[in-house]
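Asks: Take a look at run-v1.cif, mmCIF, C-alpha atoms and all ligand atoms:
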```cif
data_upload
#
loop_
_atom_site.label_atom_id
_atom_site.label_comp_id
_atom_site.auth_asym_id
_atom_site.auth_seq_id
_atom_site.Cartn_x
_atom_site.Cartn_y
_atom_site.Cartn_z
CA MET A 1 0.00 0.00 0.00
CA SER A 2 1.39 3.41 -0.96
CA ASP A 3 -0.28 5.22 1.95
CA THR A 4 2.59 6.85 3.84
CA VAL A 5 0.77 9.55 5.79
CA GLN A 6 1.56 10.01 9.47
CA GLU A 7 -1.08 8.32 11.67
CA LEU A 8 -3.12 10.50 14.04
CA GLU A 9 -2.93 10.06 17.79
CA GLY A 10 -5.74 7.77 19.03
CA SER A 11 -8.72 9.28 20.82
CA GLU A 12 -12.03 8.20 22.36
CA LEU A 13 -13.72 9.59 19.22
CA GLY A 14 -12.32 6.52 17.49
CA THR A 15 -14.35 4.11 19.65
CA LYS A 16 -17.91 2.80 19.31
CA GLU A 17 -18.49 3.23 23.07
CA TYR A 18 -17.95 6.98 22.73
CA TRP A 19 -20.56 7.31 19.97
CA GLU A 20 -23.10 5.04 21.66
CA THR A 21 -22.92 7.16 24.84
CA SER A 22 -23.03 10.39 22.92
CA TYR A 23 -26.11 9.41 20.84
CA LYS A 24 -27.85 8.05 23.92
CA SER A 25 -27.81 11.52 25.41
CA GLU A 26 -28.74 13.07 22.02
CA ILE A 27 -31.85 10.82 21.90
CA ARG A 28 -32.80 12.14 25.34
CA ASN A 29 -32.23 15.76 24.24
CA TYR A 30 -34.30 15.22 21.12
CA LYS A 31 -37.17 13.69 23.08
CA ASP A 32 -37.05 16.39 25.79
CA HIS A 33 -36.30 19.51 23.73
CA GLY A 34 -36.62 18.60 20.02
CA ASP A 35 -32.89 19.30 19.58
CA VAL A 36 -31.58 17.13 16.69
CA GLY A 37 -28.04 17.29 18.05
CA GLU A 38 -24.67 17.98 16.53
CA ILE A 39 -24.16 18.57 12.80
CA TRP A 40 -20.45 17.98 12.43
CA PHE A 41 -18.44 20.86 10.94
CA ASP A 42 -21.60 23.01 11.10
CA GLU A 43 -24.58 23.56 8.84
CA ASP A 44 -22.58 25.57 6.28
CA SER A 45 -20.37 22.62 5.41
CA GLN A 46 -23.49 20.46 5.03
CA LEU A 47 -25.06 23.09 2.77
CA ARG A 48 -21.91 23.32 0.60
CA ILE A 49 -22.10 19.57 -0.03
CA ILE A 50 -25.81 19.66 -0.86
CA ARG A 51 -25.28 22.58 -3.26
CA TRP A 52 -22.43 20.67 -4.95
CA ILE A 53 -24.67 17.61 -5.45
CA GLU A 54 -27.48 19.79 -6.82
CA LYS A 55 -25.12 21.42 -9.32
CA GLN A 56 -24.28 18.00 -10.82
CA GLU A 57 -27.84 17.61 -12.12
CA GLU A 58 -26.56 16.24 -15.44
CA LEU A 59 -24.55 13.55 -13.65
CA ILE A 60 -26.54 12.88 -10.46
CA SER A 61 -30.30 12.57 -10.72
CA GLN A 62 -32.73 12.89 -7.84
CA ASP A 63 -33.49 9.16 -7.83
CA ASP A 64 -29.85 8.01 -7.87
CA ALA A 65 -28.83 5.98 -4.81
CA ILE A 66 -27.02 8.07 -2.20
CA ILE A 67 -25.51 6.62 0.98
CA ASP A 68 -24.26 8.55 4.00
CA LEU A 69 -21.52 6.67 5.89
CA GLY A 70 -21.58 7.23 9.64
CA CYS A 71 -24.76 9.28 9.24
CA GLY A 72 -25.20 10.10 12.94
CA ASN A 73 -28.51 11.97 13.33
CA GLY A 74 -29.01 11.80 9.54
CA MET A 75 -29.41 15.56 9.06
CA LEU A 76 -27.58 15.60 5.72
CA LEU A 77 -30.06 13.03 4.39
CA VAL A 78 -32.97 14.98 5.87
CA GLU A 79 -31.85 18.04 3.89
CA LEU A 80 -31.40 15.98 0.71
CA ALA A 81 -34.89 14.49 1.16
CA ARG A 82 -36.29 18.01 1.52
CA GLU A 83 -34.58 18.84 -1.80
CA SER A 84 -36.47 15.90 -3.39
CA TYR A 85 -33.68 13.29 -3.49
CA SER A 86 -35.58 10.06 -3.08
CA ASN A 87 -33.15 7.11 -2.85
CA LEU A 88 -31.41 7.79 0.44
CA THR A 89 -29.66 5.41 2.84
CA GLY A 90 -27.89 6.22 6.09
CA VAL A 91 -25.65 3.77 7.95
CA ASP A 92 -23.92 3.98 11.29
CA TYR A 93 -22.40 1.38 13.60
CA SER A 94 -24.08 3.01 16.59
CA PRO A 95 -27.62 1.61 17.08
CA ASN A 96 -28.39 4.75 19.12
CA ALA A 97 -27.43 6.98 16.17
CA ILE A 98 -29.75 4.98 13.90
CA GLU A 99 -32.57 5.18 16.44
CA LEU A 100 -32.15 8.97 16.61
CA ALA A 101 -31.98 9.33 12.81
CA ARG A 102 -35.07 7.12 12.31
CA THR A 103 -37.05 9.08 14.90
CA ILE A 104 -36.16 12.44 13.30
CA SER A 105 -37.04 11.32 9.75
CA LYS A 106 -40.30 9.72 10.92
CA ASP A 107 -41.28 12.93 12.76
CA GLN A 108 -40.62 14.87 9.56
CA ASP A 109 -42.50 12.36 7.41
CA LEU A 110 -39.47 11.67 5.24
CA CYS A 111 -38.66 8.42 3.50
CA ILE A 112 -35.02 7.57 4.32
CA THR A 113 -33.64 4.06 4.84
CA TYR A 114 -31.43 3.65 7.90
CA LYS A 115 -29.34 0.61 8.77
CA VAL A 116 -26.94 -0.33 11.54
CA ALA A 117 -23.70 -1.33 9.78
CA ASP A 118 -20.04 -1.31 10.67
CA LEU A 119 -18.08 0.01 7.72
CA LEU A 120 -15.08 -2.03 8.79
CA ASN A 121 -17.05 -5.27 8.73
CA GLN A 122 -16.97 -6.64 5.18
CA THR A 123 -20.13 -8.75 5.72
CA ASP A 124 -22.08 -5.63 6.75
CA VAL A 125 -20.66 -3.72 3.79
CA LYS A 126 -21.42 -6.45 1.21
CA ALA A 127 -25.04 -6.51 2.44
CA LEU A 128 -25.38 -2.82 1.50
CA GLY A 129 -24.75 -3.57 -2.19
CA ASN A 130 -22.44 -1.89 -4.68
CA ASN A 131 -24.63 0.44 -6.60
CA PHE A 132 -24.37 3.84 -4.96
CA LYS A 133 -23.94 6.83 -7.25
CA VAL A 134 -22.93 9.02 -4.34
CA VAL A 135 -21.09 7.84 -1.24
CA HIS A 136 -20.88 10.58 1.36
CA ASP A 137 -18.80 10.84 4.51
CA LYS A 138 -18.55 13.82 6.85
CA GLY A 139 -16.41 13.10 9.89
CA THR A 140 -16.56 9.30 9.78
CA TYR A 141 -13.17 8.66 8.14
CA ASP A 142 -11.83 11.14 10.71
CA ALA A 143 -13.36 9.09 13.55
CA ILE A 144 -12.00 5.83 12.10
CA SER A 145 -8.54 7.44 11.78
CA LEU A 146 -8.61 8.16 15.52
CA ASN A 147 -9.02 4.53 16.51
CA PRO A 148 -6.64 3.94 19.42
CA GLU A 149 -5.68 0.41 18.32
CA ASP A 150 -4.77 0.00 14.66
CA PRO A 151 -5.89 3.06 12.67
CA LYS A 152 -3.84 2.22 9.59
CA SER A 153 -5.51 -1.11 8.89
CA MET A 154 -8.91 0.35 9.84
CA ARG A 155 -8.42 3.15 7.31
CA GLU A 156 -7.42 0.61 4.68
CA SER A 157 -10.50 -1.51 5.43
CA TYR A 158 -12.69 1.61 5.22
CA MET A 159 -11.25 2.50 1.79
CA ARG A 160 -12.01 -1.01 0.51
CA SER A 161 -15.58 -0.62 1.77
CA VAL A 162 -16.08 2.68 -0.05
CA ALA A 163 -14.60 1.22 -3.24
CA HIS A 164 -17.10 -1.66 -2.99
CA LEU A 165 -20.14 0.56 -2.36
CA LEU A 166 -19.46 3.09 -5.11
CA LYS A 167 -20.65 2.58 -8.69
CA GLU A 168 -18.05 2.82 -11.47
CA ASP A 169 -19.29 6.28 -12.46
CA GLY A 170 -20.07 7.39 -8.90
CA PHE A 171 -18.73 10.14 -6.65
CA PHE A 172 -17.25 9.81 -3.19
CA ILE A 173 -17.61 13.06 -1.21
CA LEU A 174 -15.40 13.26 1.85
CA THR A 175 -15.22 16.02 4.47
CA SER A 176 -12.44 15.94 7.05
CA CYS A 177 -11.02 18.22 9.70
CA ASN A 178 -8.10 15.95 10.54
CA TRP A 179 -6.52 15.44 7.15
CA THR A 180 -5.39 17.96 4.53
CA GLN A 181 -6.31 17.67 0.88
CA PRO A 182 -2.87 16.29 -0.16
CA GLU A 183 -3.00 13.73 2.66
CA LEU A 184 -6.46 12.55 1.60
CA VAL A 185 -5.43 12.30 -2.06
CA LYS A 186 -2.33 10.32 -1.05
CA SER A 187 -4.22 7.99 1.30
CA PHE A 188 -6.98 7.16 -1.17
CA GLU A 189 -4.84 7.03 -4.35
CA ARG A 190 -5.03 3.26 -4.64
CA TYR A 191 -8.80 3.38 -5.13
CA PHE A 192 -9.79 6.89 -6.14
CA LYS A 193 -8.55 9.98 -7.93
CA LEU A 194 -9.36 13.57 -7.16
CA TYR A 195 -12.38 14.81 -9.12
CA GLN A 196 -13.00 18.20 -7.54
CA VAL A 197 -12.45 20.19 -4.36
CA ILE A 198 -15.52 21.80 -2.78
CA PRO A 199 -14.20 25.19 -1.61
CA THR A 200 -14.28 25.74 2.16
CA PRO A 201 -13.41 28.92 4.08
CA SER A 202 -9.68 29.43 4.61
CA PHE A 203 -7.78 31.18 7.39
CA GLN A 204 -4.46 33.02 7.30
CA PHE A 205 -1.96 32.69 10.10
CA GLY A 206 1.68 33.84 10.15
CA GLY A 207 1.80 34.18 6.37
CA SER A 208 0.43 30.73 5.57
CA VAL A 209 -3.08 29.94 4.42
CA GLY A 210 -4.99 26.85 5.54
CA ASN A 211 -8.46 25.33 5.76
CA VAL A 212 -10.13 24.14 8.94
CA VAL A 213 -12.20 21.65 7.00
CA THR A 214 -11.46 19.93 3.68
CA SER A 215 -14.30 18.76 1.42
CA ILE A 216 -13.21 16.78 -1.58
CA VAL A 217 -14.85 14.70 -4.29
CA PHE A 218 -13.20 11.52 -5.57
CA CYS A 219 -14.09 9.26 -8.46
CA LYS A 220 -12.90 5.72 -9.18
CA ILE A 221 -9.45 5.57 -10.79
CA PHE A 222 -10.51 3.71 -13.93
CA ARG A 223 -13.28 6.20 -14.66
C1 LIG A 301 -17.96 12.82 13.61
S1 LIG A 301 -19.42 11.85 13.59
C2 LIG A 301 -20.17 12.45 12.10
C3 LIG A 301 -21.66 12.26 12.06
C4 LIG A 301 -22.35 12.79 10.79
N1 LIG A 301 -21.74 12.24 9.60
C5 LIG A 301 -22.29 14.30 10.72
O1 LIG A 301 -21.65 14.83 9.82
O2 LIG A 301 -22.92 14.97 11.56
C6 LIG A 301 -18.76 10.26 13.10
C7 LIG A 301 -19.82 9.19 12.90
O3 LIG A 301 -19.21 8.01 12.38
C8 LIG A 301 -19.80 6.87 13.00
N2 LIG A 301 -18.81 5.78 12.83
C9 LIG A 301 -17.53 5.73 13.29
N3 LIG A 301 -16.94 4.57 12.95
C10 LIG A 301 -17.85 3.87 12.21
C11 LIG A 301 -17.83 2.59 11.58
N4 LIG A 301 -16.75 1.79 11.64
N5 LIG A 301 -18.94 2.19 10.93
C12 LIG A 301 -20.05 2.99 10.88
N6 LIG A 301 -20.13 4.19 11.48
C13 LIG A 301 -19.04 4.64 12.13
C14 LIG A 301 -20.04 7.33 14.43
O4 LIG A 301 -20.98 6.52 15.11
C15 LIG A 301 -20.52 8.76 14.19
O5 LIG A 301 -21.91 8.80 13.98
#
```
Just dump the structure as structure tokens.
Ligand SMILES: C[S@@+](CC[C@H](N)C(=O)[O-])C[C@H]1O[C@@H](n2cnc3c(N)ncnc32)[C@H](O)[C@@H]1O

Replies:
Amino acid sequence: MSDTVQELEGSELGTKEYWETSYKSEIRNYKDHGDVGEIWFDEDSQLRIIRWIEKQEELISQDDAIIDLGCGNGMLLVELARESYSNLTGVDYSPNAIELARTISKDQDLCITYKVADLLNQTDVKALGNNFKVVHDKGTYDAISLNPEDPKSMRESYMRSVAHLLKEDGFFILTSCNWTQPELVKSFERYFKLYQVIPTPSFQFGGSVGNVVTSIVFCKIFR
């Protein structure tokens, strides 16, 4: 494998226990106050992704299959459903996340399929099929990269899963706050090539310019 990026330091965000506990309290908050919980990297980054998908109307139609990996509360899919995308699936390995996402979409009368699936478990991944036109990930590859035990092989397993799920002419949209654009391109080069970068706000510090969040679109290498 040609992936030579420096591994991140492990954190509790790389464990299933952390997410189960976190979504358990988000379910309570939703039931008590109607608060849908955290949208990772804020609503603007979600909106930028949705606008990018909408702009590809000649390549991505509203009934194409779209899957959100590590969907959490499912808010990206909720917004896509409101924009009339109709073939939407959300997966997460946290049963509490899926319970929260199902409750929110039911309350909003939206038709979104949610499944509990571990993206590092090849049996779970095979059961999802291999026909997704858009595979989306916001923050999930980041979480997997923070696994305290063996992040490198987990990242590799994740990449294989995405390659399986994505159609030949599909798009993989990835948003990360832990990896830079060159690191993502390097890590995924065995399976995907860079198709486009979705511009995100940049900051300037001490003469250098950087981005807090990177949103990039990959396509399969033999496209
Ligand atoms: C940073 S949160 C992002 C949630 C959501 N995508 C968003 O943007 O608001 C990371 C999500 O990835 C999920 N996750 C982490 N590892 C996973 C795995 N191996 N399989 C499926 N889901 C996973 C977590 O349960 C959590 O919901």

Asks: Considering all atoms listed in the file, tabulate each residue of chain A that lies at most 9 Å from ligand LIG 301 (chain A) along with its nearest interatomic pair and the corresponding distance in Å to one decimal; arrange the rows by chain and ascending residue number and present them as CSV.

Replies:
```
residue,atom,partner,partner_atom,distance
A:Leu13,CA,A:LIG301,C1,7.7
A:Gly14,CA,A:LIG301,C9,6.7
A:Thr15,CA,A:LIG301,N3,7.2
A:Lys16,CA,A:LIG301,O4,6.4
A:Glu17,CA,A:LIG301,O4,9.0
A:Tyr18,CA,A:LIG301,O4,8.2
A:Trp19,CA,A:LIG301,O4,4.9
A:Glu20,CA,A:LIG301,O4,7.0
A:Ser22,CA,A:LIG301,O4,9.0
A:Tyr23,CA,A:LIG301,O5,8.1
A:Gly37,CA,A:LIG301,O2,8.6
A:Glu38,CA,A:LIG301,O2,6.1
A:Ile39,CA,A:LIG301,O2,4.0
A:Trp40,CA,A:LIG301,O2,4.0
A:Phe41,CA,A:LIG301,O1,6.9
A:Asp42,CA,A:LIG301,O2,8.2
A:Gln46,CA,A:LIG301,O1,7.6
A:Asp68,CA,A:LIG301,N1,7.2
A:Leu69,CA,A:LIG301,N6,6.3
A:Gly70,CA,A:LIG301,O3,3.7
A:Cys71,CA,A:LIG301,N1,4.2
A:Gly72,CA,A:LIG301,O5,3.7
A:Asn73,CA,A:LIG301,O2,6.6
A:Gly74,CA,A:LIG301,C4,6.8
A:Met75,CA,A:LIG301,O2,7.0
A:Leu76,CA,A:LIG301,O1,7.3
A:Val91,CA,A:LIG301,C12,6.4
A:Asp92,CA,A:LIG301,N6,3.8
A:Tyr93,CA,A:LIG301,C12,3.9
A:Ser94,CA,A:LIG301,O4,4.9
A:Pro95,CA,A:LIG301,O4,8.5
A:Asn96,CA,A:LIG301,O4,8.6
A:Ala97,CA,A:LIG301,O5,6.2
A:Ile98,CA,A:LIG301,O5,8.7
A:Val116,CA,A:LIG301,C12,7.7
A:Ala117,CA,A:LIG301,C12,5.8
A:Asp118,CA,A:LIG301,N5,3.7
A:Leu119,CA,A:LIG301,N5,4.0
A:Leu120,CA,A:LIG301,N4,5.1
A:Asn121,CA,A:LIG301,N4,7.6
A:His136,CA,A:LIG301,N1,8.4
A:Asp137,CA,A:LIG301,N1,6.0
A:Lys138,CA,A:LIG301,O1,4.4
A:Gly139,CA,A:LIG301,C1,4.0
A:Thr140,CA,A:LIG301,O3,3.9
A:Tyr141,CA,A:LIG301,N3,7.4
A:Asp142,CA,A:LIG301,C1,7.0
A:Ala143,CA,A:LIG301,C9,5.4
A:Ile144,CA,A:LIG301,N3,5.2
A:Ser145,CA,A:LIG301,N3,9.0
A:Asn147,CA,A:LIG301,N3,8.7
A:Met154,CA,A:LIG301,N4,8.2
A:Tyr158,CA,A:LIG301,N4,7.6
A:Thr175,CA,A:LIG301,O1,8.4
```

Asks: Please determine, counting only C-alpha atoms, which residue among A:Val125, A:Val135, A:Leu80, A:Ala163 has the shortest atom-to-atom distance to A:Leu110.

Replies: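 The closest residue to A:Leu110 is A:Leu80.
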
Asks: Mind giving me the straight-line distance from atom CA of A:Trp179 to atom CA of A:Thr214 in Å, one decimal?

Replies: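 Distance between the two atoms: 7.5 Å.
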
Asks: Of the candidates A:Leu184, A:Leu194, A:Val134, A:Asp150, which shows the shortest atom-to-atom distance to A:Trp52, using only C-alpha atoms?

Replies: A:Val134

Asks: Determine the nearest neighbour of A:Asp64 from the options A:Asp169, A:Glu189, A:Asp124, A:Glu149, counting all atoms listed in the file.

Replies: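 Selected residue with least distance to A:Asp64: A:Asp169.
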
Asks: Quick one: 4 Å padding each side, axis-aligned, all listed atoms of stretch 188-200 of chain A - centre and edge lengths in Å to one decimal, as lines of an AutoDock Vina configuration file?

Replies:
```
center_x = -10.2
center_y = 14.5
center_z = -3.5
size_x = 18.7
size_y = 30.5
size_z = 19.3
```

Asks: Quick one: pull the distance between atom CA of A:Ile221 and atom CA of A:Tyr85, Å, one decimal.

Replies: 26.5 Å
